[in-house]
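Quick look at input_23.txt (compact mmCIF, N, CA and C atoms):
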```txt
# COMPACT_ATOMS: atom_id res chain seq x y z
N THR G 1 132.33 242.55 -173.06
CA THR G 1 131.67 243.19 -171.95
C THR G 1 132.59 244.26 -171.36
N LYS G 2 131.99 245.12 -170.56
CA LYS G 2 132.77 246.20 -169.95
C LYS G 2 133.83 245.63 -169.01
N LYS G 3 133.47 244.60 -168.26
CA LYS G 3 134.40 243.99 -167.32
C LYS G 3 135.61 243.40 -168.06
N ALA G 4 135.37 242.73 -169.17
CA ALA G 4 136.46 242.14 -169.96
C ALA G 4 137.37 243.23 -170.53
N ARG G 5 136.77 244.34 -171.01
CA ARG G 5 137.58 245.45 -171.54
C ARG G 5 138.45 246.05 -170.44
N THR G 6 137.87 246.21 -169.25
CA THR G 6 138.62 246.77 -168.13
C THR G 6 139.78 245.85 -167.76
N ALA G 7 139.53 244.55 -167.72
CA ALA G 7 140.59 243.59 -167.38
C ALA G 7 141.70 243.65 -168.42
N ARG G 8 141.35 243.73 -169.71
CA ARG G 8 142.38 243.81 -170.75
C ARG G 8 143.16 245.11 -170.65
N SER G 9 142.48 246.20 -170.34
CA SER G 9 143.16 247.50 -170.29
C SER G 9 144.13 247.57 -169.12
N LYS G 10 143.96 246.73 -168.12
CA LYS G 10 144.84 246.74 -166.96
C LYS G 10 145.99 245.76 -167.10
N GLN G 11 146.14 245.13 -168.26
CA GLN G 11 147.24 244.20 -168.48
C GLN G 11 148.57 244.95 -168.48
N THR G 12 149.58 244.30 -167.98
CA THR G 12 150.92 244.88 -167.93
C THR G 12 151.51 244.95 -169.32
N ARG G 13 152.14 246.06 -169.62
CA ARG G 13 152.80 246.23 -170.92
C ARG G 13 154.02 245.31 -170.97
N VAL G 14 154.07 244.48 -171.99
CA VAL G 14 155.21 243.58 -172.18
C VAL G 14 155.81 243.91 -173.55
N ASP G 15 156.85 244.74 -173.52
CA ASP G 15 157.53 245.12 -174.75
C ASP G 15 159.03 245.00 -174.51
N GLU G 16 159.82 245.46 -175.46
CA GLU G 16 161.27 245.32 -175.35
C GLU G 16 161.82 246.03 -174.10
N GLU G 17 161.32 247.22 -173.81
CA GLU G 17 161.79 247.94 -172.62
C GLU G 17 161.45 247.18 -171.34
N ALA G 18 160.23 246.64 -171.27
CA ALA G 18 159.82 245.88 -170.09
C ALA G 18 160.69 244.63 -169.93
N ARG G 19 161.02 243.98 -171.04
CA ARG G 19 161.90 242.80 -170.98
C ARG G 19 163.30 243.18 -170.49
N LEU G 20 163.79 244.32 -170.94
CA LEU G 20 165.10 244.79 -170.47
C LEU G 20 165.09 245.04 -168.96
N VAL G 21 163.99 245.58 -168.46
CA VAL G 21 163.86 245.82 -167.02
C VAL G 21 163.85 244.48 -166.28
N ALA G 22 163.11 243.51 -166.78
CA ALA G 22 163.06 242.18 -166.14
C ALA G 22 164.44 241.54 -166.13
N GLN G 23 165.18 241.68 -167.22
CA GLN G 23 166.54 241.13 -167.27
C GLN G 23 167.46 241.83 -166.27
N ALA G 24 167.36 243.15 -166.21
CA ALA G 24 168.19 243.91 -165.26
C ALA G 24 167.84 243.53 -163.82
N LEU G 25 166.56 243.32 -163.56
CA LEU G 25 166.13 242.92 -162.22
C LEU G 25 166.68 241.54 -161.87
N GLY G 26 166.67 240.62 -162.81
CA GLY G 26 167.25 239.30 -162.58
C GLY G 26 168.72 239.40 -162.23
N ARG G 27 169.44 240.27 -162.93
CA ARG G 27 170.87 240.47 -162.66
C ARG G 27 171.10 241.05 -161.27
N ILE G 28 170.36 242.09 -160.93
CA ILE G 28 170.59 242.78 -159.66
C ILE G 28 170.23 241.88 -158.47
N VAL G 29 169.16 241.10 -158.60
CA VAL G 29 168.79 240.18 -157.51
C VAL G 29 169.83 239.06 -157.41
N ALA G 30 170.29 238.54 -158.55
CA ALA G 30 171.34 237.51 -158.53
C ALA G 30 172.61 238.06 -157.89
N ASP G 31 172.98 239.27 -158.25
CA ASP G 31 174.18 239.89 -157.66
C ASP G 31 174.03 240.01 -156.14
N MET G 32 172.86 240.40 -155.69
CA MET G 32 172.60 240.53 -154.26
C MET G 32 172.71 239.16 -153.58
N HIS G 33 172.07 238.15 -154.17
CA HIS G 33 172.12 236.81 -153.60
C HIS G 33 173.54 236.22 -153.67
N ASN G 34 174.29 236.57 -154.70
CA ASN G 34 175.66 236.06 -154.83
C ASN G 34 176.57 236.50 -153.69
N VAL G 35 176.25 237.64 -153.08
CA VAL G 35 177.03 238.09 -151.92
C VAL G 35 176.28 237.79 -150.62
N ASN G 36 175.35 236.84 -150.71
CA ASN G 36 174.61 236.33 -149.54
C ASN G 36 173.82 237.40 -148.80
N ILE G 37 173.14 238.24 -149.55
CA ILE G 37 172.19 239.18 -148.97
C ILE G 37 170.81 238.77 -149.46
N VAL G 38 169.88 238.68 -148.53
CA VAL G 38 168.48 238.41 -148.84
C VAL G 38 167.71 239.67 -148.49
N HIS G 39 166.87 240.12 -149.42
CA HIS G 39 166.15 241.38 -149.23
C HIS G 39 165.11 241.29 -148.12
N GLY G 40 164.29 240.26 -148.16
CA GLY G 40 163.28 240.06 -147.13
C GLY G 40 161.93 240.68 -147.45
N ASP G 41 161.88 241.62 -148.39
CA ASP G 41 160.62 242.24 -148.80
C ASP G 41 160.75 242.66 -150.26
N LEU G 42 161.11 241.72 -151.09
CA LEU G 42 161.42 242.00 -152.49
C LEU G 42 160.12 242.11 -153.30
N THR G 43 159.57 243.31 -153.35
CA THR G 43 158.36 243.56 -154.12
C THR G 43 158.67 244.62 -155.18
N THR G 44 157.78 244.76 -156.13
CA THR G 44 158.00 245.76 -157.16
C THR G 44 157.94 247.17 -156.59
N SER G 45 157.35 247.33 -155.43
CA SER G 45 157.33 248.65 -154.78
C SER G 45 158.68 249.04 -154.21
N ASN G 46 159.56 248.06 -154.06
CA ASN G 46 160.89 248.33 -153.51
C ASN G 46 161.96 248.34 -154.59
N ILE G 47 161.56 248.67 -155.78
CA ILE G 47 162.49 248.80 -156.90
C ILE G 47 162.31 250.19 -157.50
N MET G 48 163.38 250.93 -157.57
CA MET G 48 163.33 252.25 -158.22
C MET G 48 164.04 252.12 -159.56
N MET G 49 163.52 252.85 -160.54
CA MET G 49 164.08 252.78 -161.88
C MET G 49 164.18 254.17 -162.49
N MET G 50 165.31 254.42 -163.12
CA MET G 50 165.47 255.64 -163.90
C MET G 50 164.67 255.44 -165.18
N PRO G 51 163.74 256.34 -165.52
CA PRO G 51 162.92 256.12 -166.71
C PRO G 51 163.75 256.18 -168.00
N PRO G 52 163.26 255.48 -169.02
CA PRO G 52 163.98 255.54 -170.31
C PRO G 52 163.88 256.94 -170.90
N PRO G 53 164.84 257.30 -171.74
CA PRO G 53 164.75 258.61 -172.39
C PRO G 53 163.59 258.63 -173.38
N SER G 54 163.19 259.82 -173.76
CA SER G 54 162.12 259.95 -174.75
C SER G 54 162.59 259.30 -176.05
N PRO G 55 161.65 258.87 -176.90
CA PRO G 55 162.05 258.25 -178.18
C PRO G 55 162.96 259.16 -179.01
N GLU G 56 162.71 260.47 -178.97
CA GLU G 56 163.56 261.40 -179.73
C GLU G 56 164.99 261.40 -179.20
N LYS G 57 165.13 261.45 -177.88
CA LYS G 57 166.44 261.46 -177.24
C LYS G 57 167.17 260.13 -177.51
N GLN G 58 166.43 259.04 -177.45
CA GLN G 58 167.01 257.73 -177.69
C GLN G 58 167.52 257.64 -179.13
N GLU G 59 166.77 258.20 -180.06
CA GLU G 59 167.17 258.20 -181.47
C GLU G 59 168.44 259.01 -181.66
N GLU G 60 168.55 260.12 -180.94
CA GLU G 60 169.75 260.96 -181.01
C GLU G 60 170.98 260.20 -180.51
N ASP G 61 170.81 259.47 -179.42
CA ASP G 61 171.95 258.77 -178.81
C ASP G 61 172.39 257.55 -179.61
N LYS G 62 171.48 256.99 -180.41
CA LYS G 62 171.78 255.83 -181.26
C LYS G 62 172.29 254.63 -180.47
N LYS G 63 171.92 254.54 -179.21
CA LYS G 63 172.33 253.36 -178.45
C LYS G 63 171.13 252.79 -177.73
N LYS G 64 171.26 251.52 -177.39
CA LYS G 64 170.18 250.80 -176.72
C LYS G 64 170.09 251.26 -175.27
N TRP G 65 168.88 251.52 -174.82
CA TRP G 65 168.65 251.92 -173.45
C TRP G 65 168.92 250.75 -172.51
N GLU G 66 169.59 251.03 -171.41
CA GLU G 66 169.82 250.03 -170.38
C GLU G 66 169.20 250.52 -169.09
N PRO G 67 168.30 249.73 -168.53
CA PRO G 67 167.63 250.15 -167.29
C PRO G 67 168.62 250.30 -166.14
N LYS G 68 168.40 251.31 -165.35
CA LYS G 68 169.17 251.53 -164.12
C LYS G 68 168.20 251.32 -162.96
N LEU G 69 168.41 250.22 -162.23
CA LEU G 69 167.53 249.85 -161.13
C LEU G 69 168.26 249.96 -159.80
N VAL G 70 167.49 250.29 -158.77
CA VAL G 70 168.01 250.35 -157.41
C VAL G 70 166.98 249.68 -156.51
N LEU G 71 167.45 248.74 -155.70
CA LEU G 71 166.58 248.13 -154.70
C LEU G 71 166.60 249.00 -153.45
N ILE G 72 165.43 249.18 -152.85
CA ILE G 72 165.33 250.00 -151.64
C ILE G 72 164.66 249.21 -150.53
N ASP G 73 164.63 249.78 -149.35
CA ASP G 73 163.96 249.25 -148.16
C ASP G 73 164.52 247.88 -147.76
N PHE G 74 165.71 247.90 -147.23
CA PHE G 74 166.36 246.69 -146.76
C PHE G 74 166.11 246.44 -145.28
N GLY G 75 165.00 246.96 -144.76
CA GLY G 75 164.70 246.83 -143.33
C GLY G 75 164.50 245.39 -142.87
N LEU G 76 164.09 244.50 -143.75
CA LEU G 76 163.88 243.10 -143.39
C LEU G 76 164.98 242.19 -143.95
N SER G 77 166.05 242.79 -144.42
CA SER G 77 167.10 242.01 -145.08
C SER G 77 167.93 241.24 -144.05
N SER G 78 168.65 240.25 -144.57
CA SER G 78 169.57 239.49 -143.73
C SER G 78 170.82 239.18 -144.54
N THR G 79 171.88 238.90 -143.83
CA THR G 79 173.14 238.59 -144.49
C THR G 79 173.67 237.27 -143.97
N ALA G 80 174.73 236.83 -144.61
CA ALA G 80 175.30 235.54 -144.27
C ALA G 80 176.03 235.57 -142.95
N GLY G 81 175.83 234.51 -142.19
CA GLY G 81 176.68 234.26 -141.03
C GLY G 81 177.75 233.29 -141.48
N ALA G 82 178.25 232.52 -140.59
CA ALA G 82 179.29 231.55 -140.93
C ALA G 82 178.75 230.51 -141.92
N LYS G 83 177.47 230.17 -141.81
CA LYS G 83 176.88 229.16 -142.67
C LYS G 83 176.47 229.73 -144.03
N GLY G 84 176.22 231.01 -144.09
CA GLY G 84 175.73 231.61 -145.33
C GLY G 84 174.21 231.65 -145.35
N VAL G 85 173.69 232.41 -146.25
CA VAL G 85 172.25 232.52 -146.41
C VAL G 85 171.79 231.26 -147.14
N SER G 86 170.69 230.71 -146.71
CA SER G 86 170.24 229.45 -147.29
C SER G 86 169.55 229.65 -148.64
N HIS G 87 169.49 228.57 -149.39
CA HIS G 87 168.76 228.58 -150.66
C HIS G 87 167.28 228.86 -150.40
N GLU G 88 166.79 228.40 -149.26
CA GLU G 88 165.40 228.63 -148.87
C GLU G 88 165.11 230.13 -148.78
N GLU G 89 165.98 230.87 -148.11
CA GLU G 89 165.76 232.31 -147.95
C GLU G 89 165.80 233.03 -149.29
N LYS G 90 166.70 232.62 -150.16
CA LYS G 90 166.77 233.22 -151.49
C LYS G 90 165.52 232.87 -152.29
N ALA G 91 165.07 231.63 -152.17
CA ALA G 91 163.86 231.20 -152.88
C ALA G 91 162.64 231.99 -152.39
N VAL G 92 162.58 232.24 -151.09
CA VAL G 92 161.46 233.03 -150.55
C VAL G 92 161.51 234.45 -151.12
N ASP G 93 162.70 235.03 -151.25
CA ASP G 93 162.82 236.34 -151.90
C ASP G 93 162.18 236.30 -153.29
N LEU G 94 162.52 235.28 -154.07
CA LEU G 94 161.98 235.16 -155.43
C LEU G 94 160.48 234.95 -155.42
N TYR G 95 160.00 234.16 -154.47
CA TYR G 95 158.57 233.89 -154.36
C TYR G 95 157.79 235.17 -154.04
N VAL G 96 158.32 235.94 -153.11
CA VAL G 96 157.65 237.21 -152.75
C VAL G 96 157.59 238.13 -153.98
N LEU G 97 158.66 238.17 -154.75
CA LEU G 97 158.67 238.99 -155.96
C LEU G 97 157.66 238.48 -156.98
N GLU G 98 157.59 237.17 -157.17
CA GLU G 98 156.59 236.59 -158.09
C GLU G 98 155.18 236.99 -157.67
N ARG G 99 154.90 236.85 -156.39
CA ARG G 99 153.56 237.20 -155.89
C ARG G 99 153.26 238.68 -156.09
N ALA G 100 154.26 239.52 -155.91
CA ALA G 100 154.07 240.96 -156.14
C ALA G 100 153.73 241.21 -157.60
N PHE G 101 154.44 240.55 -158.51
CA PHE G 101 154.13 240.70 -159.93
C PHE G 101 152.70 240.25 -160.22
N GLU G 102 152.32 239.08 -159.70
CA GLU G 102 150.98 238.55 -159.96
C GLU G 102 149.88 239.48 -159.46
N SER G 103 150.09 240.05 -158.28
CA SER G 103 149.02 240.84 -157.68
C SER G 103 148.95 242.28 -158.20
N THR G 104 150.07 242.84 -158.62
CA THR G 104 150.05 244.25 -159.02
C THR G 104 150.29 244.48 -160.51
N HIS G 105 150.70 243.44 -161.22
CA HIS G 105 151.00 243.58 -162.65
C HIS G 105 150.37 242.44 -163.44
N PRO G 106 149.05 242.49 -163.65
CA PRO G 106 148.36 241.40 -164.35
C PRO G 106 148.97 241.16 -165.74
N GLY G 107 149.06 239.90 -166.10
CA GLY G 107 149.58 239.56 -167.42
C GLY G 107 151.08 239.68 -167.54
N SER G 108 151.80 239.61 -166.42
CA SER G 108 153.25 239.80 -166.46
C SER G 108 154.02 238.49 -166.45
N HIS G 109 153.38 237.38 -166.79
CA HIS G 109 154.03 236.06 -166.74
C HIS G 109 155.30 236.03 -167.59
N ASP G 110 155.25 236.65 -168.78
CA ASP G 110 156.44 236.66 -169.64
C ASP G 110 157.59 237.43 -169.00
N LEU G 111 157.27 238.47 -168.27
CA LEU G 111 158.32 239.25 -167.60
C LEU G 111 158.92 238.47 -166.43
N VAL G 112 158.10 237.73 -165.71
CA VAL G 112 158.60 236.89 -164.62
C VAL G 112 159.51 235.81 -165.20
N ALA G 113 159.12 235.23 -166.32
CA ALA G 113 159.97 234.22 -166.97
C ALA G 113 161.30 234.84 -167.42
N GLU G 114 161.25 236.06 -167.94
CA GLU G 114 162.47 236.75 -168.35
C GLU G 114 163.36 237.03 -167.13
N PHE G 115 162.74 237.44 -166.04
CA PHE G 115 163.48 237.64 -164.79
C PHE G 115 164.19 236.36 -164.38
N HIS G 116 163.46 235.22 -164.40
CA HIS G 116 164.06 233.95 -164.01
C HIS G 116 165.22 233.55 -164.92
N ARG G 117 165.09 233.78 -166.22
CA ARG G 117 166.19 233.47 -167.16
C ARG G 117 167.43 234.29 -166.81
N SER G 118 167.23 235.55 -166.54
CA SER G 118 168.35 236.41 -166.21
C SER G 118 168.96 236.02 -164.86
N TYR G 119 168.12 235.74 -163.89
CA TYR G 119 168.60 235.32 -162.57
C TYR G 119 169.42 234.04 -162.72
N LYS G 120 168.91 233.10 -163.47
CA LYS G 120 169.60 231.82 -163.68
C LYS G 120 170.97 232.04 -164.33
N GLY G 121 171.04 232.97 -165.25
CA GLY G 121 172.30 233.25 -165.94
C GLY G 121 173.34 233.98 -165.11
N HIS G 122 172.92 234.60 -164.01
CA HIS G 122 173.84 235.42 -163.22
C HIS G 122 174.07 234.92 -161.79
N SER G 123 173.20 234.04 -161.31
CA SER G 123 173.33 233.56 -159.93
C SER G 123 174.27 232.36 -159.87
N PHE G 124 175.12 232.35 -158.86
CA PHE G 124 176.05 231.23 -158.67
C PHE G 124 175.33 229.96 -158.23
N THR G 125 174.17 230.12 -157.58
CA THR G 125 173.46 228.98 -157.01
C THR G 125 172.04 228.86 -157.57
N SER G 126 171.84 229.32 -158.79
CA SER G 126 170.48 229.39 -159.33
C SER G 126 169.78 228.04 -159.38
N ASP G 127 170.48 226.98 -159.74
CA ASP G 127 169.81 225.68 -159.84
C ASP G 127 169.20 225.27 -158.50
N SER G 128 169.97 225.40 -157.44
CA SER G 128 169.48 225.04 -156.10
C SER G 128 168.37 225.98 -155.64
N VAL G 129 168.55 227.26 -155.90
CA VAL G 129 167.55 228.25 -155.46
C VAL G 129 166.24 228.06 -156.23
N LEU G 130 166.32 227.86 -157.53
CA LEU G 130 165.10 227.70 -158.33
C LEU G 130 164.40 226.38 -158.01
N GLN G 131 165.18 225.35 -157.70
CA GLN G 131 164.58 224.07 -157.28
C GLN G 131 163.84 224.28 -155.96
N ARG G 132 164.47 225.02 -155.05
CA ARG G 132 163.83 225.30 -153.77
C ARG G 132 162.59 226.19 -153.95
N LEU G 133 162.64 227.09 -154.95
CA LEU G 133 161.50 227.96 -155.23
C LEU G 133 160.25 227.14 -155.54
N SER G 134 160.39 226.05 -156.27
CA SER G 134 159.21 225.23 -156.58
C SER G 134 158.60 224.66 -155.30
N GLN G 135 159.43 224.31 -154.32
CA GLN G 135 158.91 223.83 -153.03
C GLN G 135 158.21 224.95 -152.27
N VAL G 136 158.80 226.14 -152.30
CA VAL G 136 158.19 227.29 -151.63
C VAL G 136 156.84 227.60 -152.26
N ARG G 137 156.76 227.54 -153.60
CA ARG G 137 155.48 227.78 -154.27
C ARG G 137 154.41 226.79 -153.81
N MET G 138 154.79 225.53 -153.70
CA MET G 138 153.82 224.51 -153.26
C MET G 138 153.31 224.81 -151.86
N ARG G 139 154.18 225.18 -150.96
CA ARG G 139 153.75 225.54 -149.61
C ARG G 139 152.84 226.75 -149.64
N GLY G 140 153.18 227.73 -150.48
CA GLY G 140 152.36 228.94 -150.61
C GLY G 140 150.98 228.64 -151.13
N ARG G 141 150.89 227.72 -152.09
CA ARG G 141 149.57 227.33 -152.62
C ARG G 141 148.73 226.63 -151.58
N LYS G 142 149.35 225.76 -150.79
CA LYS G 142 148.62 225.08 -149.73
C LYS G 142 148.08 226.10 -148.74
N ARG G 143 148.90 227.09 -148.39
CA ARG G 143 148.47 228.12 -147.44
C ARG G 143 147.30 228.90 -148.02
N ASP G 144 147.36 229.22 -149.33
CA ASP G 144 146.27 229.95 -149.97
C ASP G 144 144.98 229.14 -149.96
N CYS G 145 145.10 227.83 -150.16
CA CYS G 145 143.91 226.97 -150.24
C CYS G 145 143.32 226.66 -148.86
N PHE G 146 144.19 226.41 -147.90
CA PHE G 146 143.72 225.89 -146.63
C PHE G 146 143.90 226.81 -145.44
N GLY G 147 144.44 228.01 -145.69
CA GLY G 147 144.59 229.00 -144.64
C GLY G 147 145.62 228.61 -143.68
```

Please go through the file and, once you have read it, give me the structure as structure tokens.
Amino acid sequence: TKKARTARSKQTRVDEEARLVAQALGRIVADMHNVNIVHGDLTTSNIMMMPPPSPEKQEEDKKKWEPKLVLIDFGLSSTAGAKGVSHEEKAVDLYVLERAFESTHPGSHDLVAEFHRSYKGHSFTSDSVLQRLSQVRMRGRKRDCFG
């Protein structure tokens, strides 16, 4: 049907370049959290990326493209006090990013999983943060269901 074709055509591209971006994003968010900074509005709209070179240029360089990402809009960010930023706050950052992917990039589950793998590999507190993320997700689902 036309509706099914439209839904398929709006699926997010998941290829090697997209996976590299997800990995780079996991690293940059982990690095930010490692120094106890929480973004507060971590959405895909607040990520700037230098585009990959054209295929011809990439062939000339003979090297693998590495995404260059910059997080922007730190207006809602917070930093560590004497206690440090909590795992809860970091988990909420990740949850907001997941929701942004779900709502604006249909079919991006593999990229979110790649992001989580990279975050886990680079974050000093990933086990605690990701455990807390599952609790944040449950609260978010309840809010979606029951207002």

| said: List as a PyMOL selection string the protein and nucleic acid residues near Leu42 of chain G, meaning an atom at most 9 Å away when only C-alpha atoms are counted, but skip any in the same chain fewer than 6 places from it. | reply: chain G and resi 71-74+93-97+100

| task | For Lys90 of chain G, list every protein, DNA or RNA residue within 8 Å, evaluated using only C-alpha atoms, and leave out those in the same chain fewer than 3 positions away; present the list as a PyMOL selection string. | result | chain G and resi 33+38+85-87+93-94+129

| field | Long-range neighbours of segment 18-20 of chain G as a PyMOL selection string, 8 Å cut-off, all atoms listed in the file, 5 positions minimum in chain | value | chain G and resi 13+25-26+65-68+110-111+114-115

| request: Run DSSP on the backbone of this structure and report the residues of segment 34-117 of chain G it assigns to alpha helix (DSSP H), as a PyMOL selection string. | output: chain G and resi 34+55-61+87-104+109-117

| request: Using atom CA of Glu98 of chain G and atom CA of Phe124 of chain G as the two end points, give the distance in Å to one decimal. | output: 20.2 Å

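Secondary structure from DSSP on the backbone puts strand (DSSP E or B) at the following positions of segment 52-142 of chain G: Lys68, Leu69, Val70, Leu71, Ser78 and Thr79 of chain G.
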
Would you save the residues from that selection as a PDB file, in the coordinates of the input, using N, CA and C atoms?
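Saved result, part23.pdb, follows:
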```pdb
ATOM      1  N   LYS G  68     168.400 251.310-165.350  1.00  0.00           N
ATOM      2  CA  LYS G  68     169.170 251.530-164.120  1.00  0.00           C
ATOM      3  C   LYS G  68     168.200 251.320-162.960  1.00  0.00           C
ATOM      4  N   LEU G  69     168.410 250.220-162.230  1.00  0.00           N
ATOM      5  CA  LEU G  69     167.530 249.850-161.130  1.00  0.00           C
ATOM      6  C   LEU G  69     168.260 249.960-159.800  1.00  0.00           C
ATOM      7  N   VAL G  70     167.490 250.290-158.770  1.00  0.00           N
ATOM      8  CA  VAL G  70     168.010 250.350-157.410  1.00  0.00           C
ATOM      9  C   VAL G  70     166.980 249.680-156.510  1.00  0.00           C
ATOM     10  N   LEU G  71     167.450 248.740-155.700  1.00  0.00           N
ATOM     11  CA  LEU G  71     166.580 248.130-154.700  1.00  0.00           C
ATOM     12  C   LEU G  71     166.600 249.000-153.450  1.00  0.00           C
ATOM     13  N   SER G  78     168.650 240.250-144.570  1.00  0.00           N
ATOM     14  CA  SER G  78     169.570 239.490-143.730  1.00  0.00           C
ATOM     15  C   SER G  78     170.820 239.180-144.540  1.00  0.00           C
ATOM     16  N   THR G  79     171.880 238.900-143.830  1.00  0.00           N
ATOM     17  CA  THR G  79     173.140 238.590-144.490  1.00  0.00           C
ATOM     18  C   THR G  79     173.670 237.270-143.970  1.00  0.00           C
TER      19      THR G  79
END
```

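The gap separating atom CA of Ala113 of chain G from atom N of Gln11 of chain G is 17.7 Å, in Å to one decimal.
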
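Straight-line separation from atom CA of Ser77 of chain G to atom CA of Ile37 of chain G: 7.0 Å.
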
| For His122 of chain G, which residue among G:Asn34, G:Thr104, G:Thr43, G:Thr12 is the nearest when counting only N, CA and C atoms? | G:Asn34

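Shortest atom-to-atom contact with Thr125 of chain G among G:Ala30, G:Val14, G:Lys57, G:Met48: G:Ala30, counting all atoms listed in the file.
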
| query | With only C-alpha atoms as the basis for distance, which of G:Asp31, G:Glu88, G:Glu56, G:Ser45 is at the shortest distance from Ser118 of chain G? | reply | G:Asp31
